[in-house]
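What follows is the content of work_23.pdb (PDB, C-alpha atoms).
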ATOM      1  CA  MET O   1       0.168  78.602  16.154  1.00  0.00           C
ATOM      2  CA  SER O   2       1.198  75.119  15.212  1.00  0.00           C
ATOM      3  CA  VAL O   3       3.878  73.307  17.144  1.00  0.00           C
ATOM      4  CA  ARG O   4       6.300  71.602  14.793  1.00  0.00           C
ATOM      5  CA  THR O   5       8.024  69.003  16.916  1.00  0.00           C
ATOM      6  CA  TYR O   6       7.523  66.830  19.953  1.00  0.00           C
ATOM      7  CA  SER O   7      10.338  68.754  21.635  1.00  0.00           C
ATOM      8  CA  ASP O   8       8.494  72.035  21.042  1.00  0.00           C
ATOM      9  CA  ARG O   9       5.251  70.577  22.379  1.00  0.00           C
ATOM     10  CA  ARG O  10       7.016  69.261  25.480  1.00  0.00           C
ATOM     11  CA  LEU O  11       8.695  72.632  26.063  1.00  0.00           C
ATOM     12  CA  LEU O  12       5.344  74.431  25.923  1.00  0.00           C
ATOM     13  CA  GLU O  13       3.737  71.856  28.237  1.00  0.00           C
ATOM     14  CA  MET O  14       6.527  72.348  30.772  1.00  0.00           C
ATOM     15  CA  LEU O  15       6.256  76.120  30.416  1.00  0.00           C
ATOM     16  CA  SER O  16       2.495  75.925  30.916  1.00  0.00           C
ATOM     17  CA  GLU O  17       2.939  73.892  34.114  1.00  0.00           C
ATOM     18  CA  ALA O  18       5.537  76.326  35.470  1.00  0.00           C
ATOM     19  CA  LEU O  19       3.408  79.298  34.437  1.00  0.00           C
ATOM     20  CA  HIS O  20       0.261  78.019  36.134  1.00  0.00           C
ATOM     21  CA  ALA O  21       2.232  77.319  39.313  1.00  0.00           C
ATOM     22  CA  SER O  22       3.603  80.875  39.202  1.00  0.00           C
ATOM     23  CA  MET O  23       0.138  82.328  38.600  1.00  0.00           C
ATOM     24  CA  GLN O  24      -1.133  80.523  41.699  1.00  0.00           C
ATOM     25  CA  ARG O  25       1.663  82.107  43.725  1.00  0.00           C
ATOM     26  CA  GLY O  26       0.666  85.493  42.336  1.00  0.00           C
ATOM     27  CA  LYS O  27       3.931  86.399  40.647  1.00  0.00           C
ATOM     28  CA  VAL O  28       4.922  85.648  37.088  1.00  0.00           C
ATOM     29  CA  ASP O  29       8.364  86.482  35.764  1.00  0.00           C
ATOM     30  CA  ILE O  30      10.482  84.927  33.035  1.00  0.00           C
ATOM     31  CA  LYS O  31      13.559  84.382  35.213  1.00  0.00           C
ATOM     32  CA  THR O  32      11.566  82.289  37.711  1.00  0.00           C
ATOM     33  CA  LEU O  33       9.920  80.322  34.900  1.00  0.00           C
ATOM     34  CA  ALA O  34      13.331  79.567  33.383  1.00  0.00           C
ATOM     35  CA  THR O  35      14.674  78.451  36.766  1.00  0.00           C
ATOM     36  CA  GLN O  36      11.673  76.167  37.289  1.00  0.00           C
ATOM     37  CA  MET O  37      12.381  74.641  33.883  1.00  0.00           C
ATOM     38  CA  ALA O  38      16.084  74.193  34.703  1.00  0.00           C
ATOM     39  CA  MET O  39      17.365  76.482  31.968  1.00  0.00           C
ATOM     40  CA  SER O  40      18.722  79.975  31.581  1.00  0.00           C
ATOM     41  CA  THR O  41      16.446  82.824  30.552  1.00  0.00           C
ATOM     42  CA  CYS O  42      18.399  83.109  27.286  1.00  0.00           C
ATOM     43  CA  GLN O  43      17.826  79.437  26.528  1.00  0.00           C
ATOM     44  CA  LEU O  44      14.130  79.678  27.400  1.00  0.00           C
ATOM     45  CA  ASN O  45      13.723  82.792  25.253  1.00  0.00           C
ATOM     46  CA  ARG O  46      15.473  81.147  22.297  1.00  0.00           C
ATOM     47  CA  ARG O  47      13.488  77.911  22.537  1.00  0.00           C
ATOM     48  CA  VAL O  48      10.109  79.641  22.934  1.00  0.00           C
ATOM     49  CA  LYS O  49      10.879  81.881  19.946  1.00  0.00           C
ATOM     50  CA  GLU O  50      11.798  78.810  17.862  1.00  0.00           C
ATOM     51  CA  ALA O  51       8.684  76.914  18.957  1.00  0.00           C
ATOM     52  CA  THR O  52       6.099  79.691  18.694  1.00  0.00           C
ATOM     53  CA  GLY O  53       7.561  82.583  16.737  1.00  0.00           C
ATOM     54  CA  GLN O  54       6.777  84.784  19.752  1.00  0.00           C
ATOM     55  CA  THR O  55       8.914  86.203  22.509  1.00  0.00           C
ATOM     56  CA  THR O  56       8.583  84.436  25.837  1.00  0.00           C
ATOM     57  CA  SER O  57       6.944  87.531  27.333  1.00  0.00           C
ATOM     58  CA  ASP O  58       4.346  87.702  24.563  1.00  0.00           C
ATOM     59  CA  TYR O  59       3.644  83.972  24.762  1.00  0.00           C
ATOM     60  CA  VAL O  60       3.289  84.052  28.560  1.00  0.00           C
ATOM     61  CA  MET O  61       1.031  87.117  28.440  1.00  0.00           C
ATOM     62  CA  GLY O  62      -1.129  85.381  25.835  1.00  0.00           C
ATOM     63  CA  VAL O  63      -1.553  82.335  28.070  1.00  0.00           C
ATOM     64  CA  ARG O  64      -2.408  84.496  31.079  1.00  0.00           C
ATOM     65  CA  LEU O  65      -4.968  86.528  29.147  1.00  0.00           C
ATOM     66  CA  ALA O  66      -6.512  83.402  27.629  1.00  0.00           C
ATOM     67  CA  GLU O  67      -6.917  82.081  31.167  1.00  0.00           C
ATOM     68  CA  ALA O  68      -8.525  85.383  32.180  1.00  0.00           C
ATOM     69  CA  LYS O  69     -10.969  85.248  29.269  1.00  0.00           C
ATOM     70  CA  GLN O  70     -11.907  81.698  30.186  1.00  0.00           C
ATOM     71  CA  LEU O  71     -12.498  82.655  33.821  1.00  0.00           C
ATOM     72  CA  LEU O  72     -14.604  85.661  32.887  1.00  0.00           C
ATOM     73  CA  ALA O  73     -16.693  83.551  30.504  1.00  0.00           C
ATOM     74  CA  GLU O  74     -17.191  80.561  32.809  1.00  0.00           C
ATOM     75  CA  PHE O  75     -17.651  82.415  36.093  1.00  0.00           C
ATOM     76  CA  PRO O  76     -19.602  85.633  35.506  1.00  0.00           C
ATOM     77  CA  GLU O  77     -19.670  86.328  39.240  1.00  0.00           C
ATOM     78  CA  ILE O  78     -15.866  86.538  39.494  1.00  0.00           C
ATOM     79  CA  THR O  79     -14.507  90.023  40.057  1.00  0.00           C
ATOM     80  CA  ILE O  80     -11.862  91.619  37.902  1.00  0.00           C
ATOM     81  CA  PHE O  81      -9.636  91.765  40.994  1.00  0.00           C
ATOM     82  CA  GLU O  82      -9.989  88.000  41.534  1.00  0.00           C
ATOM     83  CA  THR O  83      -9.332  87.342  37.856  1.00  0.00           C
ATOM     84  CA  ALA O  84      -6.201  89.494  37.938  1.00  0.00           C
ATOM     85  CA  GLN O  85      -4.935  87.703  41.044  1.00  0.00           C
ATOM     86  CA  HIS O  86      -5.674  84.263  39.635  1.00  0.00           C
ATOM     87  CA  CYS O  87      -3.725  85.082  36.474  1.00  0.00           C
ATOM     88  CA  GLY O  88      -0.688  86.370  38.364  1.00  0.00           C
ATOM     89  CA  PHE O  89      -1.104  90.110  37.867  1.00  0.00           C
ATOM     90  CA  ALA O  90       0.141  92.357  40.659  1.00  0.00           C
ATOM     91  CA  ASP O  91      -2.868  94.646  40.401  1.00  0.00           C
ATOM     92  CA  THR O  92      -6.056  95.218  38.459  1.00  0.00           C
ATOM     93  CA  ALA O  93      -4.658  98.244  36.628  1.00  0.00           C
ATOM     94  CA  HIS O  94      -1.858  96.192  35.050  1.00  0.00           C
ATOM     95  CA  PHE O  95      -4.304  93.403  34.211  1.00  0.00           C
ATOM     96  CA  SER O  96      -6.879  95.777  32.713  1.00  0.00           C
ATOM     97  CA  HIS O  97      -4.245  97.559  30.634  1.00  0.00           C
ATOM     98  CA  ALA O  98      -2.817  94.278  29.273  1.00  0.00           C
ATOM     99  CA  PHE O  99      -6.297  92.906  28.604  1.00  0.00           C
ATOM    100  CA  LYS O 100      -7.391  96.032  26.728  1.00  0.00           C
ATOM    101  CA  ARG O 101      -4.175  96.116  24.689  1.00  0.00           C
ATOM    102  CA  LYS O 102      -4.698  92.490  23.581  1.00  0.00           C
ATOM    103  CA  GLU O 103      -8.488  92.323  23.273  1.00  0.00           C
ATOM    104  CA  GLY O 104      -9.310  95.904  22.314  1.00  0.00           C
ATOM    105  CA  LEU O 105     -11.735  96.309  25.203  1.00  0.00           C
ATOM    106  CA  SER O 106     -11.540  96.391  28.973  1.00  0.00           C
ATOM    107  CA  PRO O 107     -12.370  93.349  31.108  1.00  0.00           C
ATOM    108  CA  SER O 108     -15.621  95.072  32.165  1.00  0.00           C
ATOM    109  CA  GLU O 109     -16.595  95.680  28.544  1.00  0.00           C
ATOM    110  CA  TYR O 110     -15.696  92.068  27.736  1.00  0.00           C
ATOM    111  CA  ILE O 111     -17.968  90.809  30.529  1.00  0.00           C
ATOM    112  CA  TYR O 112     -20.789  93.083  29.368  1.00  0.00           C
ATOM    113  CA  ARG O 113     -20.506  91.800  25.814  1.00  0.00           C
ATOM    114  CA  LEU O 114     -20.419  88.200  27.008  1.00  0.00           C
ATOM    115  CA  GLN O 115     -23.564  88.767  29.026  1.00  0.00           C
ATOM    116  CA  SER O 116     -25.298  90.408  26.063  1.00  0.00           C
ATOM    117  CA  HIS O 117     -24.300  87.409  23.905  1.00  0.00           C
ATOM    118  CA  ASP O 118     -22.197  89.488  21.527  1.00  0.00           C
ATOM    119  CA  THR O 119     -21.093  87.062  18.792  1.00  0.00           C
ATOM    120  CA  THR O 120     -18.117  89.250  17.811  1.00  0.00           C
ATOM    121  CA  LEU O 121     -16.262  87.867  20.859  1.00  0.00           C
ATOM    122  CA  GLU O 122     -16.117  84.360  19.390  1.00  0.00           C
ATOM    123  CA  GLU O 123     -12.732  83.410  18.016  1.00  0.00           C
TER
END
Could I get this file's structure written as structure tokens?
Amino acid sequence: MSVRTYSDRRLLEMLSEALHASMQRGKVDIKTLATQMAMSTCQLNRRVKEATGQTTSDYVMGVRLAEAKQLLAEFPEITIFETAQHCGFADTAHFSHAFKRKEGLSPSEYIYRLQSHDTTLEE
């Protein structure tokens, strides 16, 4: 994804800041993110779609799962529960389902492949 304008880049930086703050509180929802960014959910959805070509939900989920992958890679001792909590998922089932849908394998399988140095995980 390439960001076309400074305005788009700034929007995504602000969204990232709001998203990481929400993840630390353990609850991520679009309405709260929009409020933190001082805009309506409709405006946020429109601007994210223009900037990324993705829906806000898809973009936010992608950021959360990228954070999860980074945590699992950098801290092999972290539990799936801790990873889910850190990334703002209500429970491990929701996290595992979202992770498997996006990555094609469960978080446990991802960790196993990382530990076995599976080169197919490299992007």
Given the PyMOL selection byres ((chain O and resi 29) around 12), the residues it picks as number ranges by chain | O: 15, 18-23, 25-28, 30-36, 41, 56-58, 60-61, 64, 88-90
Name the residues captured by the PyMOL selection byres ((chain O and resi 93) around 12) when it is applied to the shown file; answer as a list in words.
->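 Given this file, the PyMOL selection byres ((chain O and resi 93) around 12) evaluates to Ile80, Phe81, Thr83, Ala84, Gln85, Phe89, Ala90, Asp91, Thr92, His94, Phe95, Ser96, His97, Ala98, Phe99, Lys100, Ser106 and Pro107 of chain O.
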In Å, with one decimal, what is the gap from atom CA of O:Cys87 to atom CA of O:Gly62?
-> 11.0 Å
Please indicate the distance in Å from atom CA of O:Met14 to atom CA of O:Met37, rounded to one decimal place.
-> 7.0 Å
Counting only C-alpha atoms, the option among O:Lys69, O:Arg4, O:Arg10, O:Arg101 closest to O:Gly53 |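 Checking each candidate against O:Gly53, we get O:Arg4 as the closest.
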Please put the answer as AutoDock Vina command-line options: centre and edge lengths, in Å with one decimal, of a box along x, y and z that encloses all listed atoms of stretch 10-29 of chain O plus 4 Å on each side.
--center_x 3.8 --center_y 77.9 --center_z 34.6 --size_x 17.8 --size_y 25.2 --size_z 26.2
Option closest in space to O:Leu44, from O:Glu109, O:Glu74, O:Glu67, O:Tyr59 [counting all atoms listed in the file] =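 Among O:Glu109, O:Glu74, O:Glu67, O:Tyr59, it is O:Tyr59 that comes nearest to O:Leu44.
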If you count all atoms listed in the file, which residues fall within 9 Å of O:Pro76, apart from same-chain ones fewer than 5 positions away, as JSON, numbers by chain?
-> {"O": [71, 111, 114, 115]}
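Using all atoms listed in the file, the nearest neighbour of O:Glu77 within the list O:Thr5, O:Ser108, O:Gln43, O:Ser16 is O:Ser108.
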Enumerate, as JSON, numbers by chain, the protein, DNA and RNA residues whose atoms approach (11.8, 73.0, 20.8) to within 7 Å, taking into account only C-alpha atoms and the coordinate frame of the file.
-> {"O": [5, 7, 8, 11, 47, 50, 51]}
Atomic distance atom CA of O:Met39 - atom CA of O:Lys102, expressed in Å with one decimal =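 Atom CA of O:Lys102 lies at a distance of 28.5 Å from atom CA of O:Met39.
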Missing atoms in stretch 34-64 of chain O: fill them in up to N, CA and C atoms and send the result as a PDB file, in the coordinates of the input.
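Output below, filename part17.pdb:
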ATOM      1  N   ALA O  34      12.142  80.235  33.918  1.00  0.00           N
ATOM      2  CA  ALA O  34      13.331  79.567  33.383  1.00  0.00           C
ATOM      3  C   ALA O  34      13.981  78.693  34.461  1.00  0.00           C
ATOM      4  N   THR O  35      14.088  79.217  35.660  1.00  0.00           N
ATOM      5  CA  THR O  35      14.674  78.451  36.766  1.00  0.00           C
ATOM      6  C   THR O  35      13.865  77.196  37.042  1.00  0.00           C
ATOM      7  N   GLN O  36      12.531  77.330  37.057  1.00  0.00           N
ATOM      8  CA  GLN O  36      11.673  76.167  37.289  1.00  0.00           C
ATOM      9  C   GLN O  36      11.836  75.121  36.194  1.00  0.00           C
ATOM     10  N   MET O  37      12.213  75.554  34.998  1.00  0.00           N
ATOM     11  CA  MET O  37      12.381  74.641  33.883  1.00  0.00           C
ATOM     12  C   MET O  37      13.826  74.193  33.726  1.00  0.00           C
ATOM     13  N   ALA O  38      14.671  74.571  34.672  1.00  0.00           N
ATOM     14  CA  ALA O  38      16.084  74.193  34.703  1.00  0.00           C
ATOM     15  C   ALA O  38      16.837  74.648  33.454  1.00  0.00           C
ATOM     16  N   MET O  39      16.620  75.916  33.092  1.00  0.00           N
ATOM     17  CA  MET O  39      17.365  76.482  31.968  1.00  0.00           C
ATOM     18  C   MET O  39      17.578  77.966  32.217  1.00  0.00           C
ATOM     19  N   SER O  40      18.478  78.535  31.459  1.00  0.00           N
ATOM     20  CA  SER O  40      18.722  79.975  31.581  1.00  0.00           C
ATOM     21  C   SER O  40      17.601  80.744  30.881  1.00  0.00           C
ATOM     22  N   THR O  41      17.466  82.013  31.218  1.00  0.00           N
ATOM     23  CA  THR O  41      16.446  82.824  30.552  1.00  0.00           C
ATOM     24  C   THR O  41      16.752  82.946  29.060  1.00  0.00           C
ATOM     25  N   CYS O  42      18.027  83.033  28.704  1.00  0.00           N
ATOM     26  CA  CYS O  42      18.399  83.109  27.286  1.00  0.00           C
ATOM     27  C   CYS O  42      17.968  81.847  26.542  1.00  0.00           C
ATOM     28  N   GLN O  43      18.205  80.699  27.159  1.00  0.00           N
ATOM     29  CA  GLN O  43      17.826  79.437  26.528  1.00  0.00           C
ATOM     30  C   GLN O  43      16.301  79.335  26.403  1.00  0.00           C
ATOM     31  N   LEU O  44      15.586  79.712  27.457  1.00  0.00           N
ATOM     32  CA  LEU O  44      14.130  79.678  27.400  1.00  0.00           C
ATOM     33  C   LEU O  44      13.623  80.616  26.307  1.00  0.00           C
ATOM     34  N   ASN O  45      14.145  81.831  26.266  1.00  0.00           N
ATOM     35  CA  ASN O  45      13.723  82.792  25.253  1.00  0.00           C
ATOM     36  C   ASN O  45      13.975  82.262  23.834  1.00  0.00           C
ATOM     37  N   ARG O  46      15.136  81.687  23.614  1.00  0.00           N
ATOM     38  CA  ARG O  46      15.473  81.147  22.297  1.00  0.00           C
ATOM     39  C   ARG O  46      14.541  80.012  21.910  1.00  0.00           C
ATOM     40  N   ARG O  47      14.313  79.087  22.836  1.00  0.00           N
ATOM     41  CA  ARG O  47      13.488  77.911  22.537  1.00  0.00           C
ATOM     42  C   ARG O  47      12.022  78.277  22.324  1.00  0.00           C
ATOM     43  N   VAL O  48      11.497  79.211  23.122  1.00  0.00           N
ATOM     44  CA  VAL O  48      10.109  79.641  22.934  1.00  0.00           C
ATOM     45  C   VAL O  48       9.960  80.342  21.589  1.00  0.00           C
ATOM     46  N   LYS O  49      10.920  81.175  21.234  1.00  0.00           N
ATOM     47  CA  LYS O  49      10.879  81.881  19.946  1.00  0.00           C
ATOM     48  C   LYS O  49      10.898  80.873  18.793  1.00  0.00           C
ATOM     49  N   GLU O  50      11.734  79.843  18.899  1.00  0.00           N
ATOM     50  CA  GLU O  50      11.798  78.810  17.862  1.00  0.00           C
ATOM     51  C   GLU O  50      10.491  78.023  17.776  1.00  0.00           C
ATOM     52  N   ALA O  51       9.887  77.742  18.916  1.00  0.00           N
ATOM     53  CA  ALA O  51       8.684  76.914  18.957  1.00  0.00           C
ATOM     54  C   ALA O  51       7.425  77.664  18.547  1.00  0.00           C
ATOM     55  N   THR O  52       7.355  78.956  18.882  1.00  0.00           N
ATOM     56  CA  THR O  52       6.099  79.691  18.694  1.00  0.00           C
ATOM     57  C   THR O  52       6.198  80.873  17.743  1.00  0.00           C
ATOM     58  N   GLY O  53       7.402  81.363  17.516  1.00  0.00           N
ATOM     59  CA  GLY O  53       7.561  82.583  16.737  1.00  0.00           C
ATOM     60  C   GLY O  53       7.312  83.835  17.563  1.00  0.00           C
ATOM     61  N   GLN O  54       7.037  83.663  18.845  1.00  0.00           N
ATOM     62  CA  GLN O  54       6.777  84.784  19.752  1.00  0.00           C
ATOM     63  C   GLN O  54       7.889  84.890  20.782  1.00  0.00           C
ATOM     64  N   THR O  55       8.006  86.082  21.374  1.00  0.00           N
ATOM     65  CA  THR O  55       8.914  86.203  22.509  1.00  0.00           C
ATOM     66  C   THR O  55       8.290  85.457  23.693  1.00  0.00           C
ATOM     67  N   THR O  56       9.102  85.113  24.647  1.00  0.00           N
ATOM     68  CA  THR O  56       8.583  84.436  25.837  1.00  0.00           C
ATOM     69  C   THR O  56       7.571  85.323  26.549  1.00  0.00           C
ATOM     70  N   SER O  57       7.867  86.600  26.666  1.00  0.00           N
ATOM     71  CA  SER O  57       6.944  87.531  27.333  1.00  0.00           C
ATOM     72  C   SER O  57       5.597  87.568  26.631  1.00  0.00           C
ATOM     73  N   ASP O  58       5.607  87.656  25.311  1.00  0.00           N
ATOM     74  CA  ASP O  58       4.346  87.702  24.563  1.00  0.00           C
ATOM     75  C   ASP O  58       3.579  86.387  24.697  1.00  0.00           C
ATOM     76  N   TYR O  59       4.296  85.274  24.632  1.00  0.00           N
ATOM     77  CA  TYR O  59       3.644  83.972  24.762  1.00  0.00           C
ATOM     78  C   TYR O  59       3.010  83.824  26.148  1.00  0.00           C
ATOM     79  N   VAL O  60       3.772  84.154  27.175  1.00  0.00           N
ATOM     80  CA  VAL O  60       3.289  84.052  28.560  1.00  0.00           C
ATOM     81  C   VAL O  60       2.086  84.971  28.785  1.00  0.00           C
ATOM     82  N   MET O  61       2.157  86.191  28.281  1.00  0.00           N
ATOM     83  CA  MET O  61       1.031  87.117  28.440  1.00  0.00           C
ATOM     84  C   MET O  61      -0.200  86.561  27.722  1.00  0.00           C
ATOM     85  N   GLY O  62      -0.011  85.977  26.562  1.00  0.00           N
ATOM     86  CA  GLY O  62      -1.129  85.381  25.835  1.00  0.00           C
ATOM     87  C   GLY O  62      -1.798  84.261  26.611  1.00  0.00           C
ATOM     88  N   VAL O  63      -1.006  83.432  27.259  1.00  0.00           N
ATOM     89  CA  VAL O  63      -1.553  82.335  28.070  1.00  0.00           C
ATOM     90  C   VAL O  63      -2.318  82.904  29.260  1.00  0.00           C
ATOM     91  N   ARG O  64      -1.752  83.897  29.911  1.00  0.00           N
ATOM     92  CA  ARG O  64      -2.408  84.496  31.079  1.00  0.00           C
ATOM     93  C   ARG O  64      -3.726  85.153  30.694  1.00  0.00           C
TER      94      ARG O  64
END
